[in-house]
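Content type mmCIF, C-alpha atoms, from the file work-v4.cif:
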data_data
loop_
_atom_site.label_atom_id
_atom_site.label_comp_id
_atom_site.auth_asym_id
_atom_site.auth_seq_id
_atom_site.Cartn_x
_atom_site.Cartn_y
_atom_site.Cartn_z
CA MET A 1 -57.38 -122.58 18.51
CA ILE A 2 -54.27 -120.96 17.10
CA ILE A 3 -52.09 -123.93 17.98
CA ARG A 4 -54.40 -126.22 16.07
CA CYS A 5 -54.30 -123.91 13.05
CA LEU A 6 -50.51 -123.77 13.13
CA ALA A 7 -50.31 -127.53 13.44
CA GLN A 8 -52.66 -128.22 10.55
CA ARG A 9 -50.53 -129.78 7.85
CA PRO A 10 -51.47 -129.00 4.23
CA GLY A 11 -53.80 -131.70 2.98
CA ALA A 12 -55.23 -132.23 6.45
CA LEU A 13 -58.69 -132.81 4.97
CA GLN A 14 -57.46 -135.89 3.14
CA PRO A 15 -58.19 -139.26 4.75
CA LEU A 16 -55.81 -139.79 7.64
CA VAL A 17 -55.23 -143.43 6.83
CA ALA A 18 -54.26 -142.70 3.24
CA ARG A 19 -51.95 -139.90 4.32
CA ALA A 20 -50.24 -142.06 6.93
CA SER A 21 -49.75 -144.94 4.51
CA ARG A 22 -48.31 -142.61 1.92
CA ARG A 23 -45.62 -141.43 4.36
CA ALA A 24 -45.02 -144.79 6.00
CA PRO A 25 -42.24 -146.08 3.67
CA ARG A 26 -40.00 -143.15 4.64
CA CYS A 27 -39.51 -140.77 7.57
CA THR A 28 -35.82 -140.86 8.29
CA ARG A 29 -36.17 -138.55 11.33
CA THR A 30 -33.27 -136.39 10.18
CA TYR A 31 -34.10 -133.73 12.78
CA THR A 32 -33.98 -134.35 16.52
CA VAL A 33 -34.77 -132.19 19.53
CA PRO A 34 -31.63 -130.18 20.43
CA THR A 35 -30.12 -130.88 23.83
CA LEU A 36 -29.96 -127.87 26.13
CA GLN A 37 -27.34 -127.14 28.77
CA ASN A 38 -28.05 -129.17 31.92
CA HIS A 39 -30.80 -130.89 29.93
CA ASN A 40 -31.27 -133.86 32.26
CA ASP A 41 -31.69 -131.59 35.27
CA LEU A 42 -34.20 -129.47 33.37
CA GLN A 43 -36.27 -132.54 32.56
CA ARG A 44 -36.24 -133.63 36.20
CA HIS A 45 -36.70 -130.28 37.92
CA GLY A 46 -37.60 -127.63 35.34
CA ILE A 47 -35.97 -124.19 35.36
CA SER A 48 -35.71 -122.85 38.89
CA GLY A 49 -37.62 -119.61 39.29
CA LEU A 50 -39.24 -119.85 35.86
CA LEU A 51 -40.76 -123.16 34.77
CA SER A 52 -41.74 -126.22 36.77
CA ARG A 53 -40.87 -129.70 35.55
CA LYS A 54 -44.31 -129.97 33.94
CA GLY A 55 -44.04 -126.47 32.51
CA PHE A 56 -40.68 -127.24 30.93
CA ASN A 57 -42.00 -130.53 29.61
CA THR A 58 -44.86 -128.73 27.83
CA ALA A 59 -42.89 -125.74 26.57
CA TYR A 60 -39.80 -127.55 25.35
CA THR A 61 -39.83 -131.34 25.49
CA VAL A 62 -43.32 -131.89 24.05
CA TYR A 63 -43.65 -128.81 21.86
CA GLN A 64 -40.16 -128.98 20.36
CA GLN A 65 -40.66 -132.67 19.64
CA HIS A 66 -43.93 -131.85 17.89
CA MET A 67 -42.19 -129.27 15.69
CA ILE A 68 -39.36 -131.70 14.93
CA ASP A 69 -41.80 -134.49 14.02
CA GLU A 70 -43.67 -132.15 11.69
CA LEU A 71 -40.42 -130.88 10.18
CA ASN A 72 -39.30 -134.43 9.48
CA ALA A 73 -42.66 -135.27 7.89
CA SER A 74 -42.63 -132.12 5.74
CA THR A 75 -39.07 -132.49 4.44
CA ASP A 76 -38.82 -136.28 4.23
CA GLY A 77 -37.70 -137.36 0.78
CA THR A 78 -37.11 -133.78 -0.41
CA PRO A 79 -33.88 -131.82 -1.05
CA TYR A 80 -34.54 -129.97 2.21
CA GLU A 81 -34.33 -132.85 4.67
CA ASN A 82 -30.67 -132.26 5.61
CA GLN A 83 -30.76 -128.47 5.95
CA GLU A 84 -30.67 -126.61 9.25
CA PRO A 85 -34.04 -125.16 10.40
CA LYS A 86 -32.60 -121.62 10.13
CA SER A 87 -31.77 -122.21 6.47
CA LEU A 88 -35.22 -123.67 5.85
CA VAL A 89 -36.89 -120.60 7.36
CA ILE A 90 -35.16 -118.36 4.83
CA GLU A 91 -35.64 -120.83 1.96
CA PHE A 92 -39.38 -121.36 2.57
CA ALA A 93 -40.22 -117.71 3.29
CA ARG A 94 -40.48 -116.82 -0.41
CA ASP A 95 -42.52 -119.80 -1.52
CA PRO A 96 -46.26 -119.51 -0.76
CA THR A 97 -46.74 -123.24 -1.30
CA LYS A 98 -44.43 -123.92 1.66
CA ALA A 99 -46.25 -121.77 4.20
CA TYR A 100 -46.76 -124.67 6.59
CA ALA A 101 -43.15 -125.83 6.32
CA PHE A 102 -42.05 -122.26 6.98
CA ASN A 103 -44.19 -122.12 10.13
CA ILE A 104 -42.81 -125.28 11.68
CA ALA A 105 -39.18 -124.56 10.72
CA SER A 106 -39.51 -121.05 12.15
CA MET A 107 -41.11 -122.26 15.36
CA ALA A 108 -38.44 -124.93 15.78
CA PHE A 109 -35.74 -122.27 15.44
CA ASN A 110 -37.50 -119.61 17.55
CA ASN A 111 -38.36 -121.88 20.46
CA HIS A 112 -34.85 -123.34 20.61
CA PHE A 113 -33.35 -119.84 20.47
CA PHE A 114 -35.63 -118.80 23.34
CA PHE A 115 -34.47 -121.64 25.58
CA ARG A 116 -30.82 -121.16 24.64
CA GLY A 117 -31.07 -117.61 25.99
CA ILE A 118 -32.13 -118.77 29.46
CA ASN A 119 -29.61 -119.15 32.27
CA VAL A 120 -30.23 -122.71 33.50
CA ASN A 121 -27.44 -122.74 36.11
CA PRO A 122 -29.10 -122.01 39.47
CA ASP A 123 -25.71 -121.17 41.01
CA VAL A 124 -24.96 -118.34 38.53
CA GLN A 125 -26.54 -114.87 38.53
CA SER A 126 -26.02 -113.71 34.97
CA GLN A 127 -25.37 -110.00 34.34
CA PRO A 128 -24.66 -108.02 31.15
CA SER A 129 -20.95 -107.52 30.46
CA GLN A 130 -19.47 -104.03 30.60
CA ASP A 131 -19.38 -103.59 26.84
CA LEU A 132 -22.93 -104.91 26.43
CA THR A 133 -24.13 -102.61 29.22
CA ALA A 134 -22.47 -99.68 27.45
CA GLN A 135 -24.29 -100.54 24.21
CA ILE A 136 -27.61 -100.89 26.05
CA ARG A 137 -27.11 -97.48 27.67
CA LYS A 138 -26.28 -95.99 24.30
CA ASP A 139 -29.48 -97.30 22.69
CA PHE A 140 -31.94 -97.40 25.63
CA SER A 141 -30.33 -95.05 28.21
CA SER A 142 -30.20 -97.81 30.84
CA VAL A 143 -30.67 -101.53 31.42
CA ASP A 144 -33.79 -100.70 33.47
CA THR A 145 -35.28 -98.81 30.52
CA LEU A 146 -34.58 -101.74 28.21
CA ARG A 147 -36.21 -104.09 30.72
CA GLU A 148 -39.37 -102.01 31.04
CA SER A 149 -39.65 -101.40 27.28
CA PHE A 150 -39.05 -105.06 26.47
CA LEU A 151 -41.46 -106.48 29.04
CA SER A 152 -44.16 -103.92 28.24
CA THR A 153 -43.91 -104.79 24.55
CA ALA A 154 -44.24 -108.49 25.30
CA GLU A 155 -47.08 -107.96 27.79
CA ALA A 156 -49.02 -105.85 25.27
CA MET A 157 -48.86 -108.48 22.51
CA PHE A 158 -52.42 -109.58 21.85
CA GLY A 159 -51.79 -113.15 20.83
CA PRO A 160 -48.82 -115.47 20.73
CA GLY A 161 -45.44 -114.75 19.24
CA PHE A 162 -41.93 -113.71 20.25
CA VAL A 163 -40.30 -110.47 21.27
CA TRP A 164 -36.66 -110.12 20.22
CA LEU A 165 -33.69 -108.03 21.17
CA VAL A 166 -31.90 -107.56 17.86
CA GLN A 167 -28.89 -105.69 16.58
CA THR A 168 -29.13 -103.84 13.29
CA ASN A 169 -26.65 -104.89 10.66
CA ASP A 170 -26.56 -101.58 8.80
CA SER A 171 -23.28 -100.21 10.15
CA HIS A 172 -19.94 -101.28 11.60
CA ILE A 173 -21.42 -101.60 15.08
CA GLY A 174 -25.22 -101.78 14.83
CA SER A 175 -27.79 -100.44 17.25
CA LEU A 176 -29.94 -102.56 19.55
CA ARG A 177 -33.68 -102.65 18.89
CA ILE A 178 -36.79 -104.43 20.18
CA LEU A 179 -38.64 -106.42 17.52
CA PRO A 180 -41.94 -108.30 18.04
CA THR A 181 -42.93 -111.14 15.70
CA TYR A 182 -46.35 -112.78 15.77
CA LEU A 183 -47.15 -116.49 15.60
CA ALA A 184 -44.29 -118.17 13.71
CA GLY A 185 -42.85 -114.93 12.34
CA SER A 186 -39.08 -114.74 12.04
CA PRO A 187 -36.50 -111.96 12.54
CA LEU A 188 -34.00 -113.69 10.25
CA SER A 189 -32.81 -111.72 7.25
CA GLY A 190 -34.47 -113.10 4.14
CA ALA A 191 -37.46 -114.48 6.08
CA HIS A 192 -39.90 -111.97 4.68
CA TYR A 193 -43.36 -111.11 5.87
CA ARG A 194 -45.75 -113.66 4.40
CA ARG A 195 -48.83 -111.90 3.09
CA GLN A 196 -51.06 -114.71 1.90
CA SER A 197 -54.74 -113.96 1.34
CA HIS A 198 -55.73 -117.37 -0.07
CA ASP A 199 -55.85 -120.82 1.44
CA LEU A 200 -53.22 -122.60 -0.63
CA ASN A 201 -54.60 -125.98 0.41
CA THR A 202 -57.21 -125.28 -2.29
CA HIS A 203 -54.61 -124.59 -5.00
CA ASN A 204 -52.12 -126.72 -6.87
CA ALA A 205 -48.61 -125.84 -8.02
CA ASP A 206 -49.96 -124.30 -11.24
CA SER A 207 -53.02 -122.44 -10.03
CA TYR A 208 -51.23 -120.61 -7.22
CA GLN A 209 -49.07 -118.82 -9.80
CA ALA A 210 -52.09 -116.71 -10.69
CA LEU A 211 -51.96 -115.30 -7.17
CA ASN A 212 -48.29 -114.44 -7.56
CA LYS A 213 -48.35 -110.82 -8.71
CA VAL A 214 -45.20 -108.95 -7.75
CA GLY A 215 -42.82 -108.51 -4.85
CA SER A 216 -41.23 -111.21 -2.76
CA PHE A 217 -43.00 -114.00 -4.66
CA GLY A 218 -42.61 -112.43 -8.11
CA ALA A 219 -39.93 -112.24 -10.78
CA ALA A 220 -38.27 -109.26 -9.10
CA ALA A 221 -37.20 -111.51 -6.26
CA LYS A 222 -35.06 -113.59 -8.62
CA GLN A 223 -33.11 -110.81 -10.29
CA ASN A 224 -29.34 -110.41 -10.00
CA ASN A 225 -29.07 -113.30 -7.59
CA GLN A 226 -28.58 -110.81 -4.77
CA PRO A 227 -28.76 -111.75 -1.07
CA LYS A 228 -32.31 -111.84 0.22
CA LYS A 229 -33.09 -108.94 2.54
CA PRO A 230 -36.22 -108.15 4.56
CA LEU A 231 -38.85 -106.14 2.72
CA GLY A 232 -39.12 -102.52 3.79
CA GLY A 233 -36.52 -102.92 6.51
CA ILE A 234 -32.92 -103.64 7.35
CA ASP A 235 -30.97 -106.72 8.27
CA VAL A 236 -30.99 -107.60 11.95
CA ILE A 237 -29.13 -110.12 14.09
CA PRO A 238 -31.22 -111.79 16.83
CA LEU A 239 -29.59 -111.65 20.25
CA LEU A 240 -32.36 -112.78 22.60
CA CYS A 241 -36.07 -113.56 22.58
CA VAL A 242 -38.96 -114.34 24.89
CA ASN A 243 -41.72 -116.74 23.88
CA THR A 244 -45.22 -115.33 24.54
CA TRP A 245 -47.18 -118.38 23.35
CA GLU A 246 -49.70 -119.20 26.07
CA HIS A 247 -48.69 -122.83 26.42
CA VAL A 248 -45.30 -121.68 27.74
CA TRP A 249 -46.58 -119.77 30.77
CA LEU A 250 -50.20 -120.76 31.48
CA LYS A 251 -49.34 -123.96 33.35
CA ASP A 252 -47.10 -122.24 35.91
CA PHE A 253 -48.44 -118.67 36.01
CA GLY A 254 -52.14 -118.96 35.25
CA MET A 255 -54.46 -116.94 33.02
CA LEU A 256 -53.51 -113.59 34.59
CA GLY A 257 -49.84 -114.40 35.10
CA LYS A 258 -48.27 -113.24 31.86
CA ARG A 259 -46.49 -110.26 33.44
CA LYS A 260 -45.15 -112.40 36.30
CA TYR A 261 -43.86 -114.89 33.74
CA LEU A 262 -42.11 -112.15 31.78
CA GLU A 263 -40.50 -110.72 34.91
CA ALA A 264 -39.35 -114.18 35.99
CA TRP A 265 -37.91 -114.78 32.52
CA TRP A 266 -35.98 -111.49 32.59
CA ASP A 267 -34.29 -112.57 35.81
CA LYS A 268 -33.16 -115.80 34.08
CA ILE A 269 -31.59 -114.27 30.95
CA ASP A 270 -28.21 -115.70 30.00
CA TRP A 271 -26.43 -112.44 29.20
CA GLY A 272 -23.36 -114.36 28.08
CA PHE A 273 -25.48 -115.81 25.26
CA VAL A 274 -26.62 -112.31 24.32
CA ARG A 275 -23.05 -111.02 24.36
CA ASP A 276 -21.83 -113.87 22.17
CA ASN A 277 -24.46 -113.08 19.54
CA ALA A 278 -23.68 -109.36 19.44
CA THR A 279 -21.03 -107.37 17.62
CA LEU A 280 -19.46 -105.07 20.22
CA ILE A 281 -16.19 -103.38 20.99
CA SER A 282 -14.68 -104.46 24.27
CA ARG A 283 -12.70 -102.06 26.45
CA ASN A 284 -9.79 -104.47 26.27
CA ASP A 285 -10.11 -105.22 22.59
CA GLN A 286 -10.97 -102.45 20.17
CA THR A 287 -11.82 -104.86 17.34
CA PRO A 288 -15.42 -105.99 16.78
CA LYS A 289 -16.34 -109.51 17.84
CA GLN A 290 -19.24 -111.32 16.25
CA PHE A 291 -20.63 -114.76 17.04
CA GLU A 292 -22.24 -116.81 14.28
CA TYR A 293 -25.35 -118.22 15.93
CA GLU A 294 -26.69 -121.59 14.91
#
Show me this structure written as structure tokens.
Amino acid sequence: MIIRCLAQRPGALQPLVARASRRAPRCTRTYTVPTLQNHNDLQRHGISGLLSRKGFNTAYTVYQQHMIDELNASTDGTPYENQEPKSLVIEFARDPTKAYAFNIASMAFNNHFFFRGINVNPDVQSQPSQDLTAQIRKDFSSVDTLRESFLSTAEAMFGPGFVWLVQTNDSHIGSLRILPTYLAGSPLSGAHYRRQSHDLNTHNADSYQALNKVGSFGAAAKQNNQPKKPLGGIDVIPLLCVNTWEHVWLKDFGMLGKRKYLEAWWDKIDWGFVRDNATLISRNDQTPKQFEYE
């Protein structure tokens, strides 16, 4: 299964006892599962209209803890153990020997970002602000068109991943776009596409250099000490995402319930979170406002 492949730590074929004893002296558990708004209520009741208590437990409590445990094990005793997952995603993206660490850091960031974008207050019906609505109309003609395009993109994904609403960072006020990423792929600038044709579990730190020809893993990537930008694309700022991994929706919506899950999720979007992440010009304030997301 894909989840098992993602969760397979490098060196998984080594004896489990030896591996456990090697890590036993340390494991400082630097990373912990982030607390969500109304977290205790979510653990007791789930997210009304979207995920049951058991569904929330699987999709966030258990899965996020698994990613955090793996992140702690992968960074324990290294210079990376005190860095934020977002920083690790960008740092690991260019190193083919850290493919597994990239996957778990990216999934930890993506899944948390997904849940942060959900309105968990049952007494509040979240709606896009006027300035956000104006930007959506500019780029998609209407909120309804954005909804249909976004949900159709997510429904058509053959396999797990995330679908993002992003804002381009190529002008003063960037355009909104829909961006799908598969598996643990990341929309973060500098987190480049990882094209890796060899199983690096069979290579050591010296032998993998022979696979390192040109491009993001080659010498060109180190020139001029310039900011890392996505290959063949432009910088984007993530505003919102939906998680299409099956473990998120199967428990509550069933094998044929992906579309119903997506529609239920759309109705639970926290548009205030989206607005805070975006750079927009308000009618009352003609200066751009940008929120630095975690």
Apply the PyMOL selection byres ((chain A and resi 154-167) around 6) to the structure shown and report the selected residues as an MDAnalysis selection string. chainID A and resid 151:153 168 174:183 236:245
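With distances taken over all atoms listed in the file, A:Leu88 is the one residue among A:Lys268, A:Ala73, A:Glu81, A:Leu88 lying closest to Gly190 in chain A.
For the pair CA of Gly55 in chain A and CA of Met107 in chain A, the interatomic distance is 17.9 Å.
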Edge lengths and centre in Å to one decimal, as lines of an AutoDock Vina configuration file, of the axis-aligned box that encloses all listed atoms of range 98-102 of chain A with 5 Å added on every side?
center_x = -44.4
center_y = -123.8
center_z = 4.3
size_x = 14.7
size_y = 14.1
size_z = 15.3
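Picture a line from CA of Val248 in chain A to CA of Tyr261 in chain A; it runs 9.2 Å.
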Name the residues in contact with Ile136 in chain A at a cut-off of 10 Å, using all atoms listed in the file, excluding same-chain residues fewer than 6 positions from it; report them as a ChimeraX atom specification. /A:128,130,142-146,175-177
Could you tell me which residues the PyMOL selection byres ((chain A and resi 124) around 12) grabs in this file, written as a PyMOL selection string? chain A and resi 48+118-123+125-127+267-272
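The residues returned by the PyMOL selection byres ((chain A and resi 104) around 9) for this structure are Leu6, Ala7, Met67, Ile68, Glu70, Leu71, Pro85, Val89, Ala99, Tyr100, Ala101, Phe102, Asn103, Ala105, Ser106, Met107, Ala108, Phe109 and Ala184 of chain A.
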